[in-house]
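Remarks on the structure that follows.
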Amino acid sequence: GAAIVAGVRQISTPSIKRSILSWGFRTAVTTVCGGRRSLSSVSDTQCGFKLMTLPATSIYGQCRVRGWAHDVEFFYLATLQKACVSETSVQWTERDGSTLVESAGGVVGASLSMLYDVVRMRLAYLLGIWKVTTDNDWRAVSSNDN
C-alpha cells in the first residue's frame, strides 16, 4: 500500500474553462517543479481528497506555503522524501459557488497567486533557503512487516 493516496476528480462533463485552467496549472507546476517525477506523478494536486498514514501527516508540518498552492508543496516534499504515493478516482460534480471563484481576484487572481507560490517554493528549495527533512521511513507497511 501507499503512504499517501491522492484523489483524482472524475468530472463527467467538465467545463471548457475548468479544463483549460486545470491543464494550464498542471503544465506550469510540472515545468516549475522539474518534471513529472517531481510530484510523484500526481495528476490532480488540488483535489481535496488525500488519505495518508500517520507518519505521512508530518509532511504538512513541514510545508511553508499557505493558501491554494500548499498541496503542490505537500506532494513535492512527499516525493523528495520518497513517500509512496498512489491515486484513486473520486466522483466529482461541479457546483456554483467554488471557493476558488469567490476568493479575492477570482479565478485569475487565485491562479496567479498559486503560480507565484509554486515558483517561490521551488526557488526556495532549489537555492537551499528552505530545507527538506528526510528523517522518516516512508515505506508502505505491508502485511509481512511486523
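Labeling convention for the C-alpha cells: chains A, B, ... as they appear, residues from 1 per chain, ligands from 1 in order of appearance.
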Contact table stretch 42-69 of chain A vs stretch 106-114 of chain A, cut-off 9 Å, shortest pair per residue, only C-alpha atoms, as a Markdown table:
| residue | atom | partner | partner_atom | distance |
| --- | --- | --- | --- | --- |
| A:Gly67 | CA | A:Met114 | CA | 7.8 |
| A:Trp68 | CA | A:Met114 | CA | 6.0 |
| A:Ala69 | CA | A:Met114 | CA | 5.1 |
Keeping only N, CA, C and O atoms, write those residues as a PDB file, in the first residue's frame.
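As written to disk, result_11.pdb reads:
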ATOM      1  N   GLY A  67      -2.124  28.912   1.606  1.00  0.00           N
ATOM      2  CA  GLY A  67      -3.022  29.274   0.517  1.00  0.00           C
ATOM      3  C   GLY A  67      -3.229  28.109  -0.430  1.00  0.00           C
ATOM      4  O   GLY A  67      -2.942  26.953  -0.111  1.00  0.00           O
ATOM      5  N   TRP A  68      -3.706  28.423  -1.630  1.00  0.00           N
ATOM      6  CA  TRP A  68      -4.140  27.411  -2.583  1.00  0.00           C
ATOM      7  C   TRP A  68      -3.040  26.462  -3.029  1.00  0.00           C
ATOM      8  O   TRP A  68      -3.303  25.310  -3.365  1.00  0.00           O
ATOM      9  N   ALA A  69      -1.796  26.896  -3.064  1.00  0.00           N
ATOM     10  CA  ALA A  69      -0.715  26.064  -3.613  1.00  0.00           C
ATOM     11  C   ALA A  69      -0.050  25.162  -2.571  1.00  0.00           C
ATOM     12  O   ALA A  69       0.914  24.479  -2.884  1.00  0.00           O
TER      13      ALA A  69
END
(request) Write out as JSON, numbers by chain all residues of stretch 18-113 of chain A that backbone DSSP assigns to strand (DSSP E or B). (result) {"A": [50, 51, 52, 85, 86, 87, 88, 89, 90, 91, 92]}
(message) Just the number, please: distance in Å from atom CA of A:Ile129 to atom CA of A:Ser38, one decimal.
(response) 18.4 Å
(request) Step one, run DSSP on the backbone; step two, keep only residues of chain A assigned to alpha helix (DSSP H); then write them as a PyMOL selection string. (result) chain A and resi 16-33+58-62+70-80+106-126
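In this comparison, which uses only C-alpha atoms, the residue of A:Gly128, A:Gly105, A:Gly61, A:Gly34 approaching A:Thr79 most closely is A:Gly34.
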What's around A:Gln46 at 10 Å? Count only C-alpha atoms, leave out sequence neighbours fewer than 2 positions away in its own chain, and write the answer as a compact mmCIF listing (two decimals) with C-alpha atoms, in the first residue's frame.
# COMPACT_ATOMS: atom_id res chain seq x y z
CA ALA A 6 -4.37 11.30 -3.72
CA GLY A 7 -7.83 11.73 -5.19
CA VAL A 8 -8.24 12.46 -8.88
CA ARG A 9 -11.50 14.20 -9.71
CA SER A 22 -6.54 22.55 -14.95
CA PHE A 25 -1.91 24.74 -13.82
CA ARG A 26 -0.70 21.14 -14.19
CA VAL A 42 0.14 13.21 -9.05
CA SER A 43 -2.22 14.35 -11.76
CA ASP A 44 -4.62 16.40 -9.58
CA GLY A 48 -9.20 17.85 -1.61
CA PHE A 49 -9.24 14.07 -1.13
CA LYS A 50 -6.00 12.88 0.44
CA TRP A 68 -4.14 27.41 -2.58
CA ALA A 69 -0.72 26.06 -3.61
CA HIS A 70 0.08 24.28 -0.33
CA ASP A 71 -0.96 20.97 -1.94
CA VAL A 72 1.80 21.32 -4.52
(request) Within 10 Å of A:Ser41, counting only C-alpha atoms, which residues show up once you throw out same-chain ones fewer than 5 positions away? Write them as a ChimeraX atom specification, please. (result) /A:30,35-36,75,79,85-87
(request) Name the residues in contact with A:Thr57 at a cut-off of 12 Å, using only C-alpha atoms, excluding same-chain residues fewer than 6 positions from it; report them as a list of chain:residue names. (result) A:Ala3, A:Ile4, A:Val5, A:Lys50, A:Leu51, A:Cys63, A:Phe74, A:Phe75, A:Leu77, A:Ala78, A:Ala83, A:Asn136, A:Trp138
(request) Can you pull out every residue within 9 Å of A:Cys33, counting only C-alpha atoms, but drop anything in the same chain fewer than 3 positions away, and send it as a list of chain:residue names? (result)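 My list of contacting residues is A:Ala28, A:Val29, A:Thr30, A:Arg36, A:Ser38, A:Leu39, A:Tyr76, A:Val118, A:Val119, A:Met121, A:Arg122.
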Selection to disk with N, CA, C and O atoms, as an mmCIF file, in the first residue's frame:
data_model
loop_
_atom_site.group_PDB
_atom_site.id
_atom_site.type_symbol
_atom_site.label_atom_id
_atom_site.label_comp_id
_atom_site.auth_asym_id
_atom_site.auth_seq_id
_atom_site.Cartn_x
_atom_site.Cartn_y
_atom_site.Cartn_z
ATOM 1 N N ALA A 28 2.149 24.170 -15.751
ATOM 2 C CA ALA A 28 3.032 25.123 -15.065
ATOM 3 C C ALA A 28 3.726 24.464 -13.869
ATOM 4 O O ALA A 28 4.933 24.620 -13.680
ATOM 5 N N VAL A 29 2.976 23.722 -13.075
ATOM 6 C CA VAL A 29 3.557 23.070 -11.898
ATOM 7 C C VAL A 29 4.612 22.054 -12.308
ATOM 8 O O VAL A 29 5.706 22.001 -11.740
ATOM 9 N N THR A 30 4.305 21.245 -13.311
ATOM 10 C CA THR A 30 5.259 20.238 -13.781
ATOM 11 C C THR A 30 6.530 20.901 -14.295
ATOM 12 O O THR A 30 7.642 20.458 -13.992
ATOM 13 N N ARG A 36 7.646 15.547 -14.399
ATOM 14 C CA ARG A 36 6.551 14.728 -13.849
ATOM 15 C C ARG A 36 6.952 13.973 -12.592
ATOM 16 O O ARG A 36 6.151 13.785 -11.707
ATOM 17 N N SER A 38 8.708 14.920 -10.230
ATOM 18 C CA SER A 38 8.896 15.820 -9.092
ATOM 19 C C SER A 38 7.704 15.847 -8.146
ATOM 20 O O SER A 38 7.818 16.295 -7.020
ATOM 21 N N LEU A 39 6.555 15.377 -8.583
ATOM 22 C CA LEU A 39 5.363 15.376 -7.734
ATOM 23 C C LEU A 39 4.753 13.986 -7.664
ATOM 24 O O LEU A 39 3.543 13.826 -7.570
ATOM 25 N N TYR A 76 5.348 17.785 -3.423
ATOM 26 C CA TYR A 76 6.768 17.995 -3.740
ATOM 27 C C TYR A 76 7.626 17.421 -2.615
ATOM 28 O O TYR A 76 8.574 16.666 -2.859
ATOM 29 N N VAL A 118 4.087 28.651 -6.210
ATOM 30 C CA VAL A 118 4.802 27.479 -6.708
ATOM 31 C C VAL A 118 6.225 27.860 -7.133
ATOM 32 O O VAL A 118 7.192 27.162 -6.800
ATOM 33 N N VAL A 119 6.375 28.965 -7.849
ATOM 34 C CA VAL A 119 7.704 29.424 -8.270
ATOM 35 C C VAL A 119 8.547 29.774 -7.043
ATOM 36 O O VAL A 119 9.717 29.376 -6.944
ATOM 37 N N MET A 121 8.236 28.644 -3.979
ATOM 38 C CA MET A 121 8.549 27.405 -3.272
ATOM 39 C C MET A 121 9.717 26.685 -3.940
ATOM 40 O O MET A 121 10.685 26.309 -3.287
ATOM 41 N N ARG A 122 9.625 26.512 -5.245
ATOM 42 C CA ARG A 122 10.665 25.782 -5.977
ATOM 43 C C ARG A 122 12.013 26.462 -5.833
ATOM 44 O O ARG A 122 13.038 25.813 -5.599
#
